[in-house]
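> Contents of query_33.pdb (PDB, C-alpha atoms and all ligand atoms):
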ATOM      1  CA  MET A  23       0.000   0.000   0.000
ATOM      2  CA  HIS A  24       1.336   3.428  -0.866
ATOM      3  CA  SER A  25       0.999   6.109   1.760
ATOM      4  CA  SER A  26       0.111   9.512   0.434
ATOM      5  CA  VAL A  27       0.533  12.953   1.944
ATOM      6  CA  VAL A  28      -1.248  15.725   0.126
ATOM      7  CA  ALA A  29      -0.452  19.383   0.665
ATOM      8  CA  ARG A  30      -3.507  21.638   0.925
ATOM      9  CA  PRO A  31      -3.453  23.797  -2.199
ATOM     10  CA  PRO A  32      -4.252  27.488  -1.881
ATOM     11  CA  ARG A  33      -7.662  28.311  -3.327
ATOM     12  CA  GLU A  34      -6.705  30.822  -6.000
ATOM     13  CA  HIS A  35      -5.219  28.523  -8.593
ATOM     14  CA  PRO A  36      -5.387  24.858  -7.646
ATOM     15  CA  ALA A  37      -4.364  23.711 -11.114
ATOM     16  CA  THR A  38      -0.868  25.080 -10.732
ATOM     17  CA  LEU A  39      -0.369  24.930  -6.992
ATOM     18  CA  LEU A  40      -1.507  21.416  -6.235
ATOM     19  CA  ALA A  41       1.058  18.963  -5.062
ATOM     20  CA  SER A  42       1.087  15.506  -3.574
ATOM     21  CA  VAL A  43       3.758  13.280  -2.142
ATOM     22  CA  SER A  44       3.701   9.485  -1.895
ATOM     23  CA  ASP A  45       6.143   7.105  -0.280
ATOM     24  CA  LEU A  46       6.937   4.144  -2.513
ATOM     25  CA  GLY A  47       9.109   2.070  -0.243
ATOM     26  CA  ASP A  48      12.163   4.212   0.462
ATOM     27  CA  LEU A  49      11.444   6.540  -2.462
ATOM     28  CA  ARG A  50       9.533   9.765  -1.823
ATOM     29  CA  VAL A  51       7.755  10.684  -5.057
ATOM     30  CA  GLY A  52       6.155  14.073  -5.637
ATOM     31  CA  LEU A  53       3.465  14.725  -8.233
ATOM     32  CA  ARG A  54       2.730  18.143  -9.683
ATOM     33  CA  LEU A  55       1.936  19.848 -12.941
ATOM     34  CA  ALA A  56       4.853  20.580 -15.249
ATOM     35  CA  ARG A  57       5.878  24.202 -15.582
ATOM     36  CA  PRO A  58       8.029  26.124 -18.079
ATOM     37  CA  SER A  59      10.972  26.251 -15.667
ATOM     38  CA  ASP A  60      11.091  22.428 -15.778
ATOM     39  CA  ALA A  61      12.586  22.522 -19.286
ATOM     40  CA  PRO A  62      16.149  21.482 -18.250
ATOM     41  CA  ARG A  63      14.814  18.756 -15.931
ATOM     42  CA  VAL A  64      12.447  17.463 -18.631
ATOM     43  CA  ARG A  65      15.294  17.365 -21.157
ATOM     44  CA  ALA A  66      17.567  15.534 -18.695
ATOM     45  CA  PHE A  67      14.799  13.027 -17.942
ATOM     46  CA  LEU A  68      14.122  12.336 -21.625
ATOM     47  CA  GLU A  69      17.828  12.073 -22.456
ATOM     48  CA  ARG A  70      18.372   9.500 -19.703
ATOM     49  CA  LEU A  71      15.608   7.203 -21.002
ATOM     50  CA  SER A  72      16.825   4.107 -22.794
ATOM     51  CA  PRO A  73      16.109   3.860 -26.532
ATOM     52  CA  GLU A  74      13.639   1.067 -25.779
ATOM     53  CA  THR A  75      11.667   3.147 -23.281
ATOM     54  CA  ARG A  76      11.672   6.123 -25.675
ATOM     55  CA  ARG A  77      10.389   3.840 -28.408
ATOM     56  CA  ARG A  78       7.667   2.506 -26.133
ATOM     57  CA  ARG A  79       6.516   5.981 -25.207
ATOM     58  CA  PHE A  80       6.939   7.838 -28.496
ATOM     59  CA  GLY A  81       6.749   5.085 -31.104
ATOM     60  CA  THR A  82      10.345   5.791 -32.222
ATOM     61  CA  PRO A  83      13.641   5.717 -30.262
ATOM     62  CA  GLN A  84      13.776   9.561 -30.442
ATOM     63  CA  PRO A  85      17.592   9.574 -30.698
ATOM     64  CA  ARG A  86      17.652  13.350 -30.353
ATOM     65  CA  ILE A  87      15.499  15.222 -27.841
ATOM     66  CA  SER A  88      14.285  18.252 -29.771
ATOM     67  CA  SER A  89      13.366  21.598 -28.255
ATOM     68  CA  GLY A  90       9.875  21.011 -29.612
ATOM     69  CA  LEU A  91       9.531  17.836 -27.574
ATOM     70  CA  VAL A  92      10.722  19.573 -24.403
ATOM     71  CA  ARG A  93       8.286  22.401 -25.120
ATOM     72  CA  HIS A  94       5.481  19.891 -25.589
ATOM     73  CA  PHE A  95       5.935  18.914 -21.949
ATOM     74  CA  THR A  96       6.585  22.338 -20.467
ATOM     75  CA  PHE A  97       4.203  24.682 -22.326
ATOM     76  CA  PRO A  98       0.945  22.756 -22.646
ATOM     77  CA  ASP A  99      -2.257  24.639 -23.409
ATOM     78  CA  PRO A 100      -4.252  23.632 -20.301
ATOM     79  CA  ARG A 101      -7.525  23.848 -22.221
ATOM     80  CA  GLN A 102      -6.299  20.988 -24.394
ATOM     81  CA  ARG A 103      -3.654  19.142 -22.454
ATOM     82  CA  MET A 104      -1.989  18.888 -19.053
ATOM     83  CA  ILE A 105       1.297  17.333 -18.050
ATOM     84  CA  VAL A 106       2.016  15.759 -14.669
ATOM     85  CA  VAL A 107       5.579  15.203 -13.544
ATOM     86  CA  ALA A 108       6.741  12.785 -10.874
ATOM     87  CA  THR A 109       9.814  13.971  -9.002
ATOM     88  CA  ALA A 110      12.114  12.359  -6.471
ATOM     89  CA  PRO A 111      15.174  13.465  -4.523
ATOM     90  CA  LEU A 112      18.051  11.619  -6.166
ATOM     91  CA  GLU A 113      21.779  12.286  -5.977
ATOM     92  CA  GLY A 114      21.212  15.460  -4.022
ATOM     93  CA  THR A 115      18.786  17.040  -6.450
ATOM     94  CA  GLU A 116      15.063  16.922  -7.229
ATOM     95  CA  ARG A 117      14.863  14.930 -10.445
ATOM     96  CA  ILE A 118      11.963  14.238 -12.765
ATOM     97  CA  VAL A 119      11.448  10.470 -12.691
ATOM     98  CA  GLY A 120       8.264  10.172 -14.730
ATOM     99  CA  MET A 121       5.755  12.126 -16.780
ATOM    100  CA  ALA A 122       2.143  11.703 -17.860
ATOM    101  CA  ASP A 123       0.089  13.549 -20.476
ATOM    102  CA  ALA A 124      -3.663  14.011 -20.347
ATOM    103  CA  ALA A 125      -5.041  15.331 -23.656
ATOM    104  CA  PHE A 126      -8.691  16.341 -23.719
ATOM    105  CA  LEU A 127      -9.760  14.937 -27.083
ATOM    106  CA  ARG A 128     -13.481  15.529 -26.968
ATOM    107  CA  ALA A 129     -16.350  15.532 -24.508
ATOM    108  CA  GLU A 130     -16.017  12.611 -22.117
ATOM    109  CA  LEU A 131     -12.871  11.192 -23.782
ATOM    110  CA  ALA A 132      -9.258  11.965 -22.917
ATOM    111  CA  GLU A 133      -6.027  10.388 -24.089
ATOM    112  CA  ILE A 134      -3.300   9.631 -21.583
ATOM    113  CA  ALA A 135       0.330   8.574 -22.011
ATOM    114  CA  PHE A 136       3.009   7.930 -19.415
ATOM    115  CA  VAL A 137       6.669   7.106 -19.043
ATOM    116  CA  VAL A 138       8.891   6.309 -16.054
ATOM    117  CA  ALA A 139      12.687   6.376 -15.711
ATOM    118  CA  ASP A 140      14.100   2.962 -16.613
ATOM    119  CA  GLU A 141      15.816   2.352 -13.281
ATOM    120  CA  LEU A 142      12.634   3.145 -11.310
ATOM    121  CA  GLN A 143      10.093   1.145 -13.303
ATOM    122  CA  GLY A 144       8.095  -1.487 -11.431
ATOM    123  CA  ARG A 145       7.849   0.510  -8.186
ATOM    124  CA  GLY A 146       4.396   2.012  -8.629
ATOM    125  CA  ILE A 147       5.276   5.355 -10.214
ATOM    126  CA  GLY A 148       3.378   4.470 -13.404
ATOM    127  CA  HIS A 149       0.225   3.837 -11.397
ATOM    128  CA  LEU A 150       0.638   7.122  -9.498
ATOM    129  CA  LEU A 151       1.161   9.156 -12.665
ATOM    130  CA  ALA A 152      -1.779   7.542 -14.422
ATOM    131  CA  GLN A 153      -4.031   8.227 -11.431
ATOM    132  CA  ALA A 154      -3.023  11.876 -11.482
ATOM    133  CA  ALA A 155      -3.570  12.176 -15.239
ATOM    134  CA  ALA A 156      -6.917  10.402 -14.899
ATOM    135  CA  ALA A 157      -7.928  12.766 -12.099
ATOM    136  CA  LEU A 158      -7.185  15.782 -14.299
ATOM    137  CA  ALA A 159      -9.064  14.217 -17.210
ATOM    138  CA  ALA A 160     -12.049  13.438 -14.967
ATOM    139  CA  ARG A 161     -12.106  17.044 -13.758
ATOM    140  CA  HIS A 162     -12.202  18.038 -17.404
ATOM    141  CA  GLY A 163     -15.305  15.912 -17.914
ATOM    142  CA  ALA A 164     -13.699  12.730 -19.224
ATOM    143  CA  ARG A 165     -15.493   9.505 -18.437
ATOM    144  CA  ARG A 166     -13.293   7.323 -20.627
ATOM    145  CA  LEU A 167      -9.559   7.267 -21.183
ATOM    146  CA  ARG A 168      -7.739   6.110 -24.270
ATOM    147  CA  ALA A 169      -4.060   5.132 -24.365
ATOM    148  CA  ASP A 170      -1.937   3.903 -27.248
ATOM    149  CA  ILE A 171      -0.177   0.950 -25.653
ATOM    150  CA  SER A 172       1.372  -0.399 -28.862
ATOM    151  CA  GLY A 173       4.870  -0.266 -27.441
ATOM    152  CA  GLY A 174       4.013  -0.429 -23.779
ATOM    153  CA  GLY A 175       3.114  -4.083 -23.409
ATOM    154  CA  VAL A 176       1.993  -5.634 -20.175
ATOM    155  CA  ALA A 177       3.103  -2.792 -17.870
ATOM    156  CA  ALA A 178       1.162  -0.140 -19.820
ATOM    157  CA  LEU A 179      -1.934  -2.320 -19.858
ATOM    158  CA  GLY A 180      -1.508  -2.948 -16.123
ATOM    159  CA  VAL A 181      -1.384   0.781 -15.496
ATOM    160  CA  MET A 182      -4.625   1.326 -17.455
ATOM    161  CA  ARG A 183      -6.348  -1.579 -15.695
ATOM    162  CA  GLY A 184      -5.468   0.043 -12.390
ATOM    163  CA  LEU A 185      -7.723   2.966 -13.343
ATOM    164  CA  GLY A 186     -10.881   0.991 -14.039
ATOM    165  CA  PRO A 187     -12.491  -1.536 -16.364
ATOM    166  CA  THR A 188     -10.297  -1.656 -19.464
ATOM    167  CA  MET A 189     -10.580  -3.198 -22.902
ATOM    168  CA  SER A 190      -7.777  -3.361 -25.423
ATOM    169  CA  LEU A 191      -8.298  -3.441 -29.163
ATOM    170  CA  TRP A 192      -6.635  -2.687 -32.473
ATOM    171  CA  GLU A 193      -7.356   0.739 -33.891
ATOM    172  CA  ASP A 194      -5.727   2.034 -37.090
ATOM    173  CA  GLY A 195      -2.880  -0.457 -36.732
ATOM    174  CA  SER A 196      -2.194   0.393 -33.080
ATOM    175  CA  SER A 197      -2.945  -1.439 -29.870
ATOM    176  CA  VAL A 198      -5.167   0.838 -27.832
ATOM    177  CA  ALA A 199      -6.659   0.561 -24.345
ATOM    178  CA  TYR A 200      -9.948   2.172 -23.332
ATOM    179  CA  THR A 201     -10.666   2.559 -19.626
ATOM    180  CA  THR A 202     -13.981   3.588 -18.116
ATOM    181  CA  LEU A 203     -13.603   5.855 -15.116
ATOM    182  CA  ALA A 204     -15.678   5.496 -11.997
ATOM    183  CA  PRO A 205     -18.367   8.190 -11.651
ATOM    184  CA  PRO A 206     -17.011  11.364 -10.057
ATOM    185  CA  VAL A 207     -17.238  11.588  -6.291
ATOM    186  CA  GLU A 208     -18.967  14.613  -4.822
ATOM    187  CA  ASP A 209     -16.234  17.136  -4.082
ATOM    188  CA  ASP A 210     -17.040  20.519  -2.617
ATOM    189  CA  GLY A 211     -13.398  21.526  -2.908
ATOM    190  CA  GLY A 212     -13.132  21.870   0.830
ATOM    191  CA  ASP A 213     -11.292  18.697   1.732
ATOM    192  CA  GLY A 214      -7.904  19.976   0.703
ATOM    193  CA  VAL A 215      -7.029  16.936  -1.361
ATOM    194  CA  GLY A 216      -6.657  18.839  -4.603
ATOM    195  CA  PRO A 217      -7.294  17.587  -8.128
ATOM    196  CA  PHE A 218      -5.119  14.486  -7.740
ATOM    197  CA  GLY A 219      -6.171  13.455  -4.269
ATOM    198  CA  SER A 220      -9.831  12.573  -4.332
ATOM    199  CA  PHE A 221      -9.287  10.401  -7.379
ATOM    200  CA  ALA A 222      -6.264   8.691  -5.903
ATOM    201  CA  GLU A 223      -8.264   7.857  -2.796
ATOM    202  CA  ARG A 224     -10.565   5.730  -4.904
ATOM    203  CA  PHE A 225      -7.538   3.548  -5.579
ATOM    204  CA  GLY A 226      -6.891   3.010  -1.920
ATOM    205  CA  ALA A 227      -4.103   5.527  -1.381
ATOM    206  CA  ARG A 228      -4.019   6.523   2.288
ATOM    207  CA  ARG A 229      -4.066  10.201   2.968
ATOM    208  CA  ALA A 230      -2.145  11.378   5.980
ATOM    209  CA  GLY A 231      -1.888  14.691   7.765
TER     210      GLY A 231
HETATM  211  C1  LIG B 301       4.438   1.660 -18.688
HETATM  212  C2  LIG B 301       5.251   2.322 -17.563
HETATM  213  C3  LIG B 301       4.971   3.808 -17.527
HETATM  214  C4  LIG B 301       4.808   1.689 -16.243
HETATM  215  O1  LIG B 301       5.476   2.396 -15.209
HETATM  216  P1  LIG B 301       5.953   1.658 -13.886
HETATM  217  O2  LIG B 301       6.319   2.675 -12.886
HETATM  218  O3  LIG B 301       6.959   0.635 -14.239
HETATM  219  O4  LIG B 301       4.581   0.924 -13.504
HETATM  220  P2  LIG B 301       4.146   0.407 -12.077
HETATM  221  O5  LIG B 301       5.333   0.086 -11.240
HETATM  222  O6  LIG B 301       3.146   1.352 -11.536
HETATM  223  O7  LIG B 301       3.479  -0.965 -12.473
HETATM  224  C5  LIG B 301       2.373  -1.025 -13.346
HETATM  225  C6  LIG B 301       2.051  -2.483 -13.624
HETATM  226  O8  LIG B 301       2.967  -2.951 -14.611
HETATM  227  C7  LIG B 301       3.686  -4.064 -14.111
HETATM  228  N1  LIG B 301       5.055  -3.949 -14.588
HETATM  229  C8  LIG B 301       5.889  -2.907 -14.424
HETATM  230  N2  LIG B 301       7.040  -3.166 -15.059
HETATM  231  C9  LIG B 301       6.898  -4.395 -15.641
HETATM  232  C10 LIG B 301       7.723  -5.217 -16.418
HETATM  233  N3  LIG B 301       8.960  -4.849 -16.776
HETATM  234  N4  LIG B 301       7.252  -6.403 -16.825
HETATM  235  C11 LIG B 301       6.029  -6.793 -16.482
HETATM  236  N5  LIG B 301       5.180  -6.058 -15.742
HETATM  237  C12 LIG B 301       5.626  -4.878 -15.325
HETATM  238  C13 LIG B 301       3.621  -3.930 -12.604
HETATM  239  O9  LIG B 301       3.776  -5.176 -11.972
HETATM  240  C14 LIG B 301       2.233  -3.376 -12.421
HETATM  241  O10 LIG B 301       1.310  -4.423 -12.537
HETATM  242  P3  LIG B 301       0.025  -4.462 -11.607
HETATM  243  O11 LIG B 301      -0.839  -3.329 -12.064
HETATM  244  O12 LIG B 301      -0.582  -5.787 -11.889
HETATM  245  O13 LIG B 301       0.489  -4.264 -10.214
HETATM  246  C15 LIG B 301       6.775   2.056 -17.728
HETATM  247  O14 LIG B 301       6.989   0.682 -17.847
HETATM  248  C16 LIG B 301       7.364   2.791 -18.906
HETATM  249  O15 LIG B 301       7.793   3.935 -18.810
HETATM  250  N6  LIG B 301       7.381   2.135 -20.078
HETATM  251  C17 LIG B 301       7.875   2.776 -21.289
HETATM  252  C18 LIG B 301       6.856   3.809 -21.833
HETATM  253  C19 LIG B 301       5.507   3.155 -22.089
HETATM  254  O16 LIG B 301       5.419   1.987 -22.437
HETATM  255  N7  LIG B 301       4.435   3.952 -21.908
HETATM  256  C20 LIG B 301       3.091   3.441 -22.141
HETATM  257  C21 LIG B 301       2.532   3.871 -23.459
HETATM  258  S1  LIG B 301       2.107   5.565 -23.427
END
Produce structure tokens that represent the structure in this file.
Ligand SMILES: CC(C)(COP(=O)(O)OP(=O)(O)OC[C@H]1O[C@@H](n2cnc3c(N)ncnc32)[C@H](O)[C@@H]1OP(=O)(O)O)[C@@H](O)C(=O)NCCC(=O)NCCS

Amino acid sequence: MHSSVVARPPREHPATLLASVSDLGDLRVGLRLARPSDAPRVRAFLERLSPETRRRRFGTPQPRISSGLVRHFTFPDPRQRMIVVATAPLEGTERIVGMADAAFLRAELAEIAFVVADELQGRGIGHLLAQAAAALAARHGARRLRADISGGGVAALGVMRGLGPTMSLWEDGSSVAYTTLAPPVEDDGGDGVGPFGSFAERFGARRAG
């Protein structure tokens, strides 16, 4: 079971000020929205990914990390897309260790994608990121999530299944997973859990503090 500590976000702009922290064993993982100042950290994260993980996430090994790709993750238009970063204190600095996209395709449907640092895969970060992306999508009105899992294999499907009932199918030559989200819980905004928290609680994360 992951324990979760969620900071109470100030009221004025929860979308940018939310933050949550979860302990995954001895690793303390923070989740927050990406911001423009993350550009060097995003680049470093992408450059450290193995060619195989890049291929799984982007469909190609992405041998060169372009400025456009870094910008994709650091300057999203929040009406269309949001990016969640997972961070952890490693080697004396706060590093990005995973990222998730939530793209709001059309009413009730959002597309999510996620990637975790090679050396930290299999520790629950993928589940955490997907929960956060799903929470943002649900707040945007999504009731179903789509993910292209062509390269992702069993781990990507496992992450989607952790969000709700999931079916996988072939669509335009790609393997795609569709997940139905649980109905939204009543949230008057006063519980301090922020946009990630109330959703994560449905998955059994324990909130402390
Ligand atoms: C998919 C990915 C994000 C999962 O992240 P992660 O932090 O390793 O995932 P988690 O630790 O939360 O585990 C998710 C599930 O996958 C399983 N899993 C993780 N790594 C696995 C591996 N190498 N082999 C088999 N299963 C694996 C876990 O056991 C878990 O299963 P469960 O839900 O039954 O418990 C990560 O593997 C990754 O970055 N892959 C490359 C990019 C990619 O494929 N993205 C998906 C398409 S957008």
> Residues within 9 Å of ligand LIG 301 (chain B), counting only C-alpha atoms and all ligand atoms: report them as an MDAnalysis selection string.
chainID A and resid 71 74:81 120:123 134:140 142:152 169:184
> Just give me the gap between atom CA of Arg101 of chain A and atom CA of Phe126 of chain A in Å, one decimal is fine.
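Computing it gives 7.7 Å between the two atoms.
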> Evaluate the PyMOL selection byres (((chain A and resi 190) around 9) and not hetatm) and record the selected residues as a PyMOL selection string, following the chain and residue labels used in the document.
chain A and resi 171+179+188-189+191-192+197-201
> Go ahead and fit an axis-aligned box to every listed atom of segment 125-129 of chain A plus 4 Å each side, and pass me the centre and edge lengths in Å, one decimal, as AutoDock Vina command-line options.

--center_x -10.7 --center_y 15.6 --center_z -25.4 --size_x 19.3 --size_y 9.4 --size_z 11.4
> I'd like to know which of A:Gln153, A:Asp48, A:Gly195, A:Val119 is closest to Phe67 of chain A, using all atoms listed in the file.
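Closest to Phe67 of chain A, using all atoms listed in the file: A:Val119.
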> How many Å lie between atom CA of Leu167 of chain A and atom CA of Leu131 of chain A, rounded to one decimal?
5.8 Å
> Can you tell me how far atom CA of Leu203 of chain A sits from atom CA of Ile105 of chain A, in Å to one decimal?
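Taking atom CA of Leu203 of chain A as the start and atom CA of Ile105 of chain A as the end point, the length is 19.0 Å.
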> Ranking A:Leu49, A:Ala129, A:Ala159, A:Leu91 by minimum distance to Leu112 of chain A and counting all atoms listed in the file, which one comes first?
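That would be A:Leu49, the residue with the smallest distance to Leu112 of chain A.
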> For each of A:Pro111, A:Pro73, A:Gly163, A:Pro58, take the minimum atom-to-atom distance to Glu130 of chain A, counting all atoms listed in the file, then give the residue where this is smallest.
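Answer, going by the shortest atom-to-atom distance: A:Gly163.
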> Which is closest to Leu68 of chain A among A:Ala164, A:Ile118, A:Ala110, A:Leu55, if we use all atoms listed in the file?
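Nearest to Leu68 of chain A: A:Ile118.
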> Can you tell me, as a short mmCIF file (atom, residue, chain, number, x, y, z; two decimals) with C-alpha atoms, in the coordinates of the input, which residues sit within 6 Å of (4.1, 5.5, -4.3) in the file's frame, using all atoms listed in the file?

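File written: selection_8.cif
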data_model
loop_
_atom_site.label_atom_id
_atom_site.label_comp_id
_atom_site.auth_asym_id
_atom_site.auth_seq_id
_atom_site.Cartn_x
_atom_site.Cartn_y
_atom_site.Cartn_z
CA HIS A 24 1.34 3.43 -0.87
CA SER A 44 3.70 9.48 -1.90
CA ASP A 45 6.14 7.10 -0.28
CA LEU A 46 6.94 4.14 -2.51
CA GLY A 146 4.40 2.01 -8.63
#
> Report as number ranges by chain all protein, DNA and RNA residues lying within 10 Å of Ser59 of chain A, evaluated on all atoms listed in the file, omitting residues in the same chain fewer than 4 positions from it.
A: 63-64, 96-97
> Kindly output segment 137-154 of chain A as a tab-separated table (two decimals), keeping the file's coordinate frame, after building N, CA and C atoms.

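File rebuild.tsv, as written:
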chain	number	residue	atom	x	y	z
A	137	VAL	N	5.33	7.71	-18.93
A	137	VAL	CA	6.67	7.11	-19.04
A	137	VAL	C	7.40	7.31	-17.72
A	138	VAL	N	8.17	6.29	-17.34
A	138	VAL	CA	8.89	6.31	-16.05
A	138	VAL	C	10.36	6.00	-16.32
A	139	ALA	N	11.24	6.62	-15.58
A	139	ALA	CA	12.69	6.38	-15.71
A	139	ALA	C	12.97	4.87	-15.63
A	140	ASP	N	13.84	4.41	-16.52
A	140	ASP	CA	14.10	2.96	-16.61
A	140	ASP	C	14.42	2.33	-15.26
A	141	GLU	N	15.32	2.98	-14.50
A	141	GLU	CA	15.82	2.35	-13.28
A	141	GLU	C	14.78	2.36	-12.16
A	142	LEU	N	13.65	3.07	-12.36
A	142	LEU	CA	12.63	3.14	-11.31
A	142	LEU	C	11.32	2.50	-11.73
A	143	GLN	N	11.32	1.82	-12.87
A	143	GLN	CA	10.09	1.14	-13.30
A	143	GLN	C	9.79	-0.03	-12.37
A	144	GLY	N	8.51	-0.35	-12.25
A	144	GLY	CA	8.10	-1.49	-11.43
A	144	GLY	C	7.96	-1.16	-9.96
A	145	ARG	N	7.96	0.13	-9.61
A	145	ARG	CA	7.85	0.51	-8.19
A	145	ARG	C	6.55	1.25	-7.88
A	146	GLY	N	5.69	1.38	-8.87
A	146	GLY	CA	4.40	2.01	-8.63
A	146	GLY	C	4.27	3.43	-9.16
A	147	ILE	N	5.34	3.97	-9.73
A	147	ILE	CA	5.28	5.36	-10.21
A	147	ILE	C	4.31	5.47	-11.39
A	148	GLY	N	4.30	4.45	-12.27
A	148	GLY	CA	3.38	4.47	-13.40
A	148	GLY	C	1.93	4.56	-12.94
A	149	HIS	N	1.59	3.77	-11.94
A	149	HIS	CA	0.22	3.84	-11.40
A	149	HIS	C	-0.07	5.23	-10.85
A	150	LEU	N	0.86	5.79	-10.08
A	150	LEU	CA	0.64	7.12	-9.50
A	150	LEU	C	0.41	8.18	-10.58
A	151	LEU	N	1.27	8.16	-11.59
A	151	LEU	CA	1.16	9.16	-12.66
A	151	LEU	C	-0.17	9.01	-13.40
A	152	ALA	N	-0.53	7.76	-13.69
A	152	ALA	CA	-1.78	7.54	-14.42
A	152	ALA	C	-2.98	8.00	-13.60
A	153	GLN	N	-2.93	7.77	-12.29
A	153	GLN	CA	-4.03	8.23	-11.43
A	153	GLN	C	-4.15	9.75	-11.48
A	154	ALA	N	-3.00	10.41	-11.45
A	154	ALA	CA	-3.02	11.88	-11.48
A	154	ALA	C	-3.56	12.37	-12.82
